[in-house]
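K.L.:
Sending over query_20.txt (compact mmCIF, C-alpha atoms).
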# COMPACT_ATOMS: atom_id res chain seq x y z
CA MET U 1 -69.96 121.86 -18.14
CA ALA U 2 -71.97 122.74 -15.04
CA ILE U 3 -72.39 120.05 -12.39
CA SER U 4 -75.64 119.94 -10.44
CA ARG U 5 -76.37 118.55 -7.02
CA ASP U 6 -78.72 115.99 -8.63
CA ASP U 7 -75.85 114.77 -10.82
CA VAL U 8 -73.74 114.20 -7.73
CA MET U 9 -76.56 112.43 -5.90
CA LYS U 10 -76.98 110.04 -8.85
CA ALA U 11 -73.29 109.18 -8.71
CA LEU U 12 -73.39 108.66 -4.94
CA ASN U 13 -76.43 106.44 -5.29
CA GLY U 14 -74.00 103.83 -6.63
CA VAL U 15 -72.12 103.71 -3.31
CA THR U 16 -73.32 101.17 -0.73
CA VAL U 17 -72.57 101.32 3.00
CA ASP U 18 -73.38 97.80 4.20
CA ALA U 19 -73.83 94.18 3.15
CA ALA U 20 -77.56 94.73 2.70
CA GLY U 21 -76.84 97.14 -0.15
CA THR U 22 -78.04 100.32 1.56
CA THR U 23 -77.00 103.23 -0.60
CA LEU U 24 -75.10 106.20 0.78
CA THR U 25 -77.87 108.53 -0.35
CA GLY U 26 -80.49 106.38 1.38
CA SER U 27 -78.56 105.78 4.60
CA GLY U 28 -79.26 109.10 6.29
CA ARG U 29 -75.51 109.62 6.69
CA LEU U 30 -74.91 112.06 3.86
CA SER U 31 -74.54 115.78 4.59
CA GLN U 32 -75.75 118.52 2.30
CA VAL U 33 -73.98 118.26 -1.04
CA VAL U 34 -72.43 121.53 -2.19
CA VAL U 35 -71.17 122.27 -5.71
CA ASP U 36 -69.21 125.51 -6.04
CA PRO U 37 -68.99 127.65 -9.22
CA ASN U 38 -65.76 125.88 -10.22
CA ASN U 39 -67.42 122.43 -10.14
CA ARG U 40 -65.73 121.40 -6.89
CA VAL U 41 -67.99 119.08 -4.89
CA MET U 42 -68.14 119.00 -1.08
CA PHE U 43 -69.94 116.62 1.28
CA SER U 44 -69.37 114.68 4.48
CA ILE U 45 -70.50 111.29 5.78
CA LEU U 46 -71.84 110.94 9.32
CA ILE U 47 -70.32 108.07 11.30
CA ASP U 48 -69.57 106.92 14.79
CA PRO U 49 -65.83 107.13 15.60
CA SER U 50 -65.71 103.33 15.97
CA GLU U 51 -66.72 103.01 12.28
CA ALA U 52 -63.92 105.19 10.93
CA GLU U 53 -61.78 102.39 9.49
CA ARG U 54 -64.67 100.73 7.64
CA PHE U 55 -66.09 103.99 6.34
CA GLU U 56 -62.76 105.29 5.09
CA ALA U 57 -63.03 102.80 2.22
CA ILE U 58 -66.61 103.97 1.59
CA ARG U 59 -65.45 107.60 1.62
CA ARG U 60 -62.76 106.83 -0.97
CA ASN U 61 -65.31 105.00 -3.10
CA ALA U 62 -67.71 107.95 -2.94
CA GLU U 63 -64.92 110.38 -3.72
CA GLY U 64 -63.86 108.28 -6.71
CA LYS U 65 -67.42 108.09 -8.06
CA VAL U 66 -67.74 111.87 -8.03
CA LEU U 67 -64.24 112.49 -9.37
CA SER U 68 -65.01 110.26 -12.36
CA MET U 69 -67.94 112.49 -13.36
CA PRO U 70 -67.20 114.59 -16.45
CA GLY U 71 -66.53 118.19 -15.52
CA VAL U 72 -65.82 117.70 -11.81
CA SER U 73 -62.62 119.58 -10.90
CA GLY U 74 -62.21 118.38 -7.32
CA VAL U 75 -63.89 116.73 -4.36
CA PHE U 76 -63.92 117.50 -0.63
CA ALA U 77 -65.27 114.33 1.00
CA SER U 78 -64.68 113.51 4.64
CA LEU U 79 -66.01 111.58 7.60
CA THR U 80 -67.55 113.38 10.55
CA SER U 81 -68.93 112.20 13.88
CA GLU U 82 -70.66 115.51 14.55
CA ARG U 83 -74.25 115.98 13.38
CA GLY U 84 -74.21 119.66 12.53
CA PRO U 85 -77.09 122.12 12.84
CA GLY U 86 -79.78 121.52 10.29
CA HIS U 87 -78.40 118.15 9.20
CA GLN U 88 -81.05 116.17 7.38
CA ALA U 89 -80.99 112.94 5.46
CA GLN U 90 -81.22 113.53 1.73
CA SER U 91 -83.73 110.81 1.05
CA ASP U 92 -86.97 109.55 2.55
CA ALA U 93 -85.18 106.73 4.34
CA ALA U 94 -84.98 107.09 8.11
CA PRO U 95 -81.53 107.92 9.42
CA ARG U 96 -79.67 104.97 10.81
CA PRO U 97 -79.13 105.27 14.56
CA VAL U 98 -75.51 105.97 15.43
CA PRO U 99 -74.12 103.67 18.13
CA PRO U 100 -72.61 105.23 21.24
CA ALA U 101 -68.99 106.32 20.98
CA GLN U 102 -66.41 103.81 22.11
CA PRO U 103 -63.91 104.77 24.82
CA PRO U 104 -60.58 106.11 23.53
CA ARG U 105 -57.74 103.67 22.99
CA PRO U 106 -55.37 103.40 25.99
CA GLY U 107 -52.85 106.22 26.06
CA ALA U 108 -54.60 108.30 23.39
CA PRO U 109 -54.98 112.05 23.94
CA PRO U 110 -58.55 112.81 25.12
CA ASN U 111 -60.99 113.54 22.27
CA GLN U 112 -58.21 113.66 19.68
CA GLY U 113 -57.78 111.80 16.42
CA PRO U 114 -54.82 110.23 14.67
CA GLN U 115 -51.60 112.13 14.16
CA LEU U 116 -50.52 113.64 10.85
CA PRO U 117 -47.59 111.65 9.47
CA GLY U 118 -44.38 113.66 9.66
CA VAL U 119 -45.88 116.56 11.65
CA ARG U 120 -44.36 116.86 15.11
CA HIS U 121 -46.53 119.57 16.67
CA ILE U 122 -49.88 121.07 15.62
CA VAL U 123 -50.70 124.39 17.29
CA ALA U 124 -53.98 126.31 17.02
CA VAL U 125 -53.75 130.12 16.93
CA ALA U 126 -57.14 131.28 18.14
CA SER U 127 -59.09 134.27 19.42
CA GLY U 128 -62.42 134.71 21.09
CA LYS U 129 -63.51 137.39 18.61
CA GLY U 130 -62.56 138.81 15.23
CA GLY U 131 -60.57 141.95 14.56
CA VAL U 132 -57.76 141.34 17.05
CA GLY U 133 -55.09 140.62 14.43
CA LYS U 134 -55.01 136.85 14.88
CA SER U 135 -54.22 136.00 11.24
CA THR U 136 -51.43 138.59 11.01
CA THR U 137 -50.02 137.20 14.24
CA ALA U 138 -50.22 133.60 12.99
CA CYS U 139 -48.51 134.52 9.72
CA ASN U 140 -45.59 136.33 11.36
CA LEU U 141 -45.33 133.79 14.16
CA ALA U 142 -44.95 131.00 11.59
CA LEU U 143 -42.20 132.94 9.83
CA ALA U 144 -40.49 133.67 13.16
CA LEU U 145 -40.48 129.96 14.01
CA GLN U 146 -39.01 129.24 10.58
CA ALA U 147 -36.28 131.81 11.27
CA GLN U 148 -35.15 129.56 14.13
CA GLY U 149 -34.35 126.84 11.61
CA LEU U 150 -37.58 124.92 12.10
CA LYS U 151 -39.69 123.32 9.37
CA VAL U 152 -43.02 125.12 9.58
CA GLY U 153 -46.41 125.00 7.85
CA LEU U 154 -49.47 127.24 8.15
CA LEU U 155 -53.06 126.09 7.67
CA ASP U 156 -55.72 128.77 7.27
CA ALA U 157 -58.75 127.15 8.91
CA ASP U 158 -60.87 130.31 8.80
CA ILE U 159 -63.34 128.94 6.27
CA TYR U 160 -65.61 131.98 6.31
CA GLY U 161 -62.88 134.63 6.11
CA PRO U 162 -59.57 133.23 4.82
CA SER U 163 -56.81 135.85 5.14
CA VAL U 164 -53.59 133.88 4.63
CA PRO U 165 -53.50 134.13 0.79
CA LYS U 166 -53.62 137.93 1.09
CA LEU U 167 -51.06 138.04 3.90
CA PHE U 168 -48.56 136.01 1.86
CA GLY U 169 -49.41 137.55 -1.51
CA LEU U 170 -50.26 134.10 -2.88
CA SER U 171 -52.75 133.25 -5.62
CA GLY U 172 -53.52 130.34 -7.91
CA LYS U 173 -54.63 126.80 -7.20
CA PRO U 174 -52.72 124.02 -5.39
CA ASN U 175 -51.44 121.14 -7.50
CA VAL U 176 -53.33 117.88 -7.07
CA VAL U 177 -51.21 114.74 -7.10
CA ASP U 178 -52.86 111.74 -8.77
CA ASN U 179 -56.31 113.19 -8.00
CA LYS U 180 -55.71 112.18 -4.38
CA ALA U 181 -53.87 114.85 -2.40
CA MET U 182 -53.01 118.52 -2.70
CA GLU U 183 -49.59 120.07 -2.55
CA PRO U 184 -49.49 123.11 -0.27
CA MET U 185 -48.58 126.47 -1.72
CA VAL U 186 -45.26 127.98 -0.63
CA GLY U 187 -44.81 131.54 0.65
CA TYR U 188 -41.45 132.79 1.94
CA GLY U 189 -40.38 129.18 2.43
CA LEU U 190 -43.50 128.20 4.40
CA LYS U 191 -45.91 125.49 3.31
CA VAL U 192 -49.33 127.16 3.25
CA MET U 193 -52.87 125.87 2.68
CA SER U 194 -56.13 127.82 2.72
CA ILE U 195 -59.69 127.43 1.46
CA GLY U 196 -58.95 130.79 -0.15
CA PHE U 197 -56.86 128.98 -2.77
CA LEU U 198 -59.83 126.85 -3.76
CA ILE U 199 -62.54 129.49 -4.15
CA GLU U 200 -62.92 132.83 -5.89
CA PRO U 201 -61.92 135.79 -3.67
CA GLU U 202 -65.46 137.17 -3.36
CA THR U 203 -67.21 133.84 -2.82
CA ALA U 204 -69.35 133.73 0.33
CA MET U 205 -68.92 130.42 2.17
CA ILE U 206 -72.50 129.78 3.28
CA TRP U 207 -71.82 126.43 4.92
CA ARG U 208 -73.32 124.62 7.87
CA GLY U 209 -71.26 122.88 10.52
CA PRO U 210 -70.64 119.53 8.80
CA MET U 211 -69.27 121.25 5.69
CA VAL U 212 -66.89 123.36 7.76
CA GLN U 213 -65.69 120.22 9.49
CA SER U 214 -65.25 118.43 6.17
CA ALA U 215 -63.17 121.22 4.65
CA ILE U 216 -60.89 121.56 7.67
CA THR U 217 -60.41 117.81 7.96
CA GLN U 218 -59.51 117.48 4.29
CA MET U 219 -57.10 120.42 4.34
CA LEU U 220 -55.36 118.74 7.27
CA ARG U 221 -55.27 115.16 6.08
CA ASP U 222 -55.38 115.34 2.27
CA VAL U 223 -52.49 117.80 1.95
CA LEU U 224 -48.90 116.67 1.44
CA TRP U 225 -47.41 118.52 4.40
CA GLY U 226 -44.27 116.40 4.53
CA GLU U 227 -41.92 116.65 7.50
CA LEU U 228 -42.76 119.60 9.77
CA ASP U 229 -41.64 120.60 13.24
CA VAL U 230 -44.69 122.81 13.68
CA LEU U 231 -47.97 123.20 11.80
CA LEU U 232 -49.70 126.41 12.91
CA VAL U 233 -53.45 126.54 12.34
CA ASP U 234 -55.03 129.98 11.95
CA MET U 235 -58.44 129.37 13.51
CA PRO U 236 -61.62 131.33 12.82
CA PRO U 237 -62.71 133.51 15.74
CA GLY U 238 -65.09 132.10 18.32
CA THR U 239 -65.73 128.70 19.88
CA GLY U 240 -67.77 126.85 17.26
CA ASP U 241 -67.53 123.98 14.78
CA ALA U 242 -64.02 124.70 13.53
CA GLN U 243 -62.52 124.77 17.00
CA LEU U 244 -64.33 121.59 18.04
CA THR U 245 -63.24 119.83 14.85
CA MET U 246 -59.60 120.73 15.50
CA ALA U 247 -59.78 119.78 19.16
CA GLN U 248 -61.57 116.46 18.65
CA ALA U 249 -60.12 115.22 15.37
CA THR U 250 -56.53 116.44 15.61
CA PRO U 251 -53.74 115.77 18.11
CA LEU U 252 -53.14 119.41 19.03
CA SER U 253 -50.00 120.09 21.04
CA GLY U 254 -51.76 123.19 22.31
CA ALA U 255 -53.37 126.52 21.52
CA VAL U 256 -52.19 130.13 21.47
CA ILE U 257 -54.78 132.81 22.28
CA VAL U 258 -54.48 136.26 20.65
CA SER U 259 -56.27 139.23 22.20
CA THR U 260 -56.11 143.01 22.34
CA PRO U 261 -55.80 144.54 25.84
CA GLN U 262 -59.34 145.91 25.99
CA ASP U 263 -61.95 144.35 28.26
CA LEU U 264 -64.37 143.46 25.44
CA ALA U 265 -61.71 141.37 23.68
CA LEU U 266 -60.54 139.77 26.92
CA ILE U 267 -64.06 138.58 27.75
CA ASP U 268 -64.08 136.55 24.53
CA ALA U 269 -60.47 135.45 25.00
CA ARG U 270 -61.50 133.90 28.32
CA ARG U 271 -64.16 131.90 26.48
CA GLY U 272 -61.51 130.63 24.07
CA VAL U 273 -59.25 129.54 26.92
CA THR U 274 -62.16 127.82 28.65
CA MET U 275 -63.23 126.00 25.49
CA PHE U 276 -59.78 124.55 24.83
CA LYS U 277 -59.38 123.53 28.46
CA LYS U 278 -62.71 121.70 28.38
CA VAL U 279 -61.53 119.58 25.45
CA ALA U 280 -58.16 118.92 27.11
CA VAL U 281 -56.05 121.09 24.78
CA PRO U 282 -53.18 122.81 26.64
CA ILE U 283 -52.95 126.61 26.46
CA LEU U 284 -49.40 127.36 25.30
CA GLY U 285 -49.74 131.06 25.90
CA VAL U 286 -51.51 134.37 25.39
CA ILE U 287 -50.33 137.15 23.06
CA GLU U 288 -51.37 140.77 23.55
CA ASN U 289 -51.75 142.34 20.10
CA MET U 290 -52.06 146.07 19.33
CA ALA U 291 -50.61 146.72 22.79
CA THR U 292 -49.11 150.19 22.32
CA PHE U 293 -49.04 152.80 19.56
CA VAL U 294 -45.88 154.91 19.29
CA CYS U 295 -46.34 158.03 17.15
CA PRO U 296 -43.78 157.94 14.33
CA ASN U 297 -43.50 161.75 14.39
CA CYS U 298 -43.17 162.64 18.08
CA GLY U 299 -42.45 159.27 19.70
CA HIS U 300 -45.35 159.57 22.16
CA ALA U 301 -46.72 156.21 23.32
CA SER U 302 -50.51 155.84 23.41
CA HIS U 303 -52.45 152.87 24.77
CA ILE U 304 -55.36 153.05 22.35
CA PHE U 305 -56.88 149.72 23.40
CA GLY U 306 -55.52 149.82 26.95
CA HIS U 307 -52.37 148.04 28.05
CA GLY U 308 -51.43 144.94 30.00
CA GLY U 309 -54.90 143.40 29.99
CA ALA U 310 -53.85 140.17 28.26
CA ARG U 311 -50.81 139.82 30.51
CA HIS U 312 -52.96 140.17 33.62
CA GLU U 313 -55.54 137.77 32.20
CA ALA U 314 -52.86 135.17 31.50
CA GLN U 315 -51.63 135.48 35.07
CA ARG U 316 -55.17 135.18 36.42
CA LEU U 317 -55.82 132.05 34.34
CA GLY U 318 -52.46 130.52 35.16
CA VAL U 319 -51.26 130.26 31.54
CA PRO U 320 -48.02 131.58 29.96
CA PHE U 321 -47.85 135.13 28.63
CA LEU U 322 -45.84 135.08 25.39
CA GLY U 323 -45.47 138.81 24.77
CA GLU U 324 -46.84 142.07 23.37
CA VAL U 325 -47.07 143.16 19.73
CA PRO U 326 -47.40 146.93 19.19
CA LEU U 327 -50.04 148.67 17.10
CA ASN U 328 -47.72 149.59 14.27
CA MET U 329 -48.24 150.95 10.76
CA THR U 330 -45.35 148.90 9.35
CA ILE U 331 -47.05 145.66 10.38
CA ARG U 332 -50.31 146.83 8.85
CA GLU U 333 -48.74 148.04 5.60
CA THR U 334 -46.63 144.93 5.02
CA SER U 335 -49.57 142.65 5.82
CA ASP U 336 -51.85 144.45 3.34
CA ALA U 337 -49.11 144.24 0.70
CA GLY U 338 -48.60 140.47 1.15
CA ARG U 339 -45.06 141.05 2.43
CA PRO U 340 -45.00 139.91 6.09
CA VAL U 341 -42.71 142.03 8.24
CA VAL U 342 -40.76 139.07 9.67
CA ALA U 343 -39.78 138.00 6.15
CA THR U 344 -39.19 141.41 4.56
CA ASP U 345 -37.54 143.24 7.48
CA PRO U 346 -36.07 140.42 9.59
CA ASP U 347 -33.82 142.74 11.62
CA GLY U 348 -36.49 145.38 12.30
CA PRO U 349 -38.02 145.90 15.75
CA GLN U 350 -41.36 144.33 14.78
CA ALA U 351 -39.67 141.16 13.52
CA VAL U 352 -37.62 140.98 16.72
CA THR U 353 -40.84 141.07 18.74
CA TYR U 354 -42.34 138.15 16.81
CA ARG U 355 -39.08 136.17 17.08
CA GLU U 356 -39.03 136.61 20.86
CA ILE U 357 -42.61 135.35 21.07
CA ALA U 358 -41.78 132.42 18.77
CA ALA U 359 -38.78 131.49 20.92
CA LYS U 360 -41.01 131.32 24.02
CA LEU U 361 -43.59 129.25 22.15
CA TRP U 362 -40.99 126.79 20.87
CA ALA U 363 -39.49 126.49 24.35
CA GLY U 364 -42.94 125.54 25.63
CA LEU U 365 -43.42 123.02 22.85
CA SER U 366 -39.96 121.52 23.26
CA GLY U 367 -40.71 120.89 26.90
CA ALA U 368 -43.95 119.13 26.01
CA PRO U 369 -44.08 115.58 24.65
CA ALA U 370 -44.01 115.43 20.87
CA THR U 371 -46.86 113.69 19.09
CA ARG U 372 -46.47 109.95 18.91
CA ALA U 373 -45.70 108.10 15.70
CA ALA U 374 -48.83 107.67 13.62
CA PRO U 375 -49.99 105.08 11.12
CA LYS U 376 -49.21 106.13 7.57
CA ILE U 377 -52.18 107.50 5.61
CA VAL U 378 -52.39 105.72 2.29
CA PHE U 379 -54.40 107.13 -0.64
CA GLU U 380 -55.80 104.42 -2.87
What does this structure look like when you write it as structure tokens?
P.N.:
Amino acid sequence: MAISRDDVMKALNGVTVDAAGTTLTGSGRLSQVVVDPNNRVMFSILIDPSEAERFEAIRRNAEGKVLSMPGVSGVFASLTSERGPGHQAQSDAAPRPVPPAQPPRPGAPPNQGPQLPGVRHIVAVASGKGGVGKSTTACNLALALQAQGLKVGLLDADIYGPSVPKLFGLSGKPNVVDNKAMEPMVGYGLKVMSIGFLIEPETAMIWRGPMVQSAITQMLRDVLWGELDVLLVDMPPGTGDAQLTMAQATPLSGAVIVSTPQDLALIDARRGVTMFKKVAVPILGVIENMATFVCPNCGHASHIFGHGGARHEAQRLGVPFLGEVPLNMTIRETSDAGRPVVATDPDGPQAVTYREIAAKLWAGLSGAPATRAAPKIVFE
């Protein structure tokens, strides 16, 4: 049974947002409603941060209304305080003015939301541009942290180009517990979540900013992560909606920047560092990927993308340099096959490199204050 946007709007018309009986669809707060080919429904509700507690009940009500519709297989519904590009009210009613943001509670991290219960550190793995091997690095870095005896999860926040399912050789759909929360998939002992598990492999995610924010927020907060020492977040490249959502709505312990040595990549890496600094997220370090190629036949070392650029940039910016990862066919082959090198060849030279980087990262995290205890999120 196909679900249409009009069907969803009719269901949401039964949700009120105030004592006067203003409907959600008539309030000007509703984002574009998206229904994917598998009858999963996605939307977000625009609020001021000071309204979060009141509107969480409204969000759950809206989610329940849509979930009760025959044929609906799942719902992504979240609250957002960012009015994304092209946001328009979906009725003729004028949008309700949003009151100015309230100052953060005393002692709260700047621009950051509530902690995830049970998750000690959340770390963004980011890059200024695509094609630098960020996802491969995040995957192997997560496994290298796990090899140290840590409890580790990996969230693929690259909504437009999710790579983690391929890197781990995972397929299928996450289990949904009581129609309220998803269980992460498990790959090589890691808890893993990606939008790639929820869509068909060739689906193009043509989403505006609020929908990206909604999906990332729900994959963070409506997933049963359990107890984790570190949750790594594989970010999409650039400095847009996804990065701002993570920085403003999540208590990040810090960010790791991945770059190749070449000048073009370093220009964008600088932008990534600057963006995280502006939103008060510490830079935990820079990784130089594809640093050196050693010919497997003659042993000659070639610096195809240059060498040492990321190290020098880290020194210039005054942030830690975590290490170099070579341009290596084994890493490429195992990644394409869904068999990450750290898991399948743990004693090999490539795995040793990732473990050394992970050790430096964990040392930096261990020296930083852990996230404070958070109120328990209750699904009703």
K.L.:
When you look at Phe276 in chain U with a cut-off of 9 Å (counting only C-alpha atoms), what residues show up, excluding the ones that are within fewer than 3 positions of it in the same chain? I need them as a ChimeraX atom specification.
P.N.:
/U:239,243-244,247,254-255,271-273,279-283
K.L.:
Which polymer residues have any atom within 6 Å of an atom of range 39-51 of chain U, counting only C-alpha atoms, with same-chain residues fewer than 6 positions away left out, as a ChimeraX atom specification?
P.N.:
/U:3,29-31,33,72-81,214
K.L.:
Taking all atoms listed in the file into account, name the residue in U:Ala363, U:Ala314, U:Leu167, U:Ile257 that is nearest to Ile331 in chain U.
P.N.:
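With all atoms listed in the file as the atom set, the closest residue is U:Leu167.
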K.L.:
Find, counting all atoms listed in the file, the residue in U:Thr25, U:Asn328, U:Thr260, U:Thr250 that gets nearest to Ile122 in chain U.
P.N.:
U:Thr250
K.L.:
Can you work out which one of U:Val132, U:Gly196, U:Ser163, U:Arg339 has the shortest atom-to-atom distance to Ala310 in chain U, counting only C-alpha atoms?
P.N.:
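Under the stated criterion, the closest residue is U:Val132.
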K.L.:
What does the distance between CA of Arg332 in chain U and CA of Met275 in chain U come to in Å, to one decimal place?
P.N.:
29.6 Å
K.L.:
Could you check how far CA of Gly364 in chain U sits from CA of Val319 in chain U, in Å to one decimal?
P.N.:
11.2 Å
K.L.:
Out of U:Lys277, U:Arg60, U:His312, U:Lys173, which residue has the shortest atom-to-atom distance to Asp222 in chain U when counting all atoms listed in the file?
P.N.:
U:Arg60
K.L.:
Between U:Met219, U:Gly161, U:Val177, U:Thr137, single out the one closest to Thr353 in chain U, counting all atoms listed in the file.
P.N.:
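Ranking U:Met219, U:Gly161, U:Val177, U:Thr137 by distance to Thr353 in chain U, first place goes to U:Thr137.
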K.L.:
Val233 in chain U: which residues within 7 Å, counting all atoms listed in the file, same-chain residues fewer than 4 positions away excluded, as a list in words?
P.N.:
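Skipping anything fewer than 4 positions along the chain leaves Val123, Ala124, Val125, Leu154, Leu155, Asp156 and Ala157 of chain U.
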K.L.:
Counting only C-alpha atoms, what is within 12 Å of range 343-347 of chain U, bar same-chain residues fewer than 6 positions away, as a count of residues only?
P.N.:
25
K.L.:
Looking at all atoms listed in the file, which of U:Asp234, U:Glu324, U:Glu53, U:Glu183 is the one that sits closest to Met290 in chain U?
P.N.:
U:Glu324
K.L.:
Skipping near chain neighbours, those fewer than 6 positions away, what residues fall within 9 Å of Asn175 in chain U using all atoms listed in the file, listed as JSON, numbers by chain?
P.N.:
{"U": [181, 182, 183, 184, 185]}
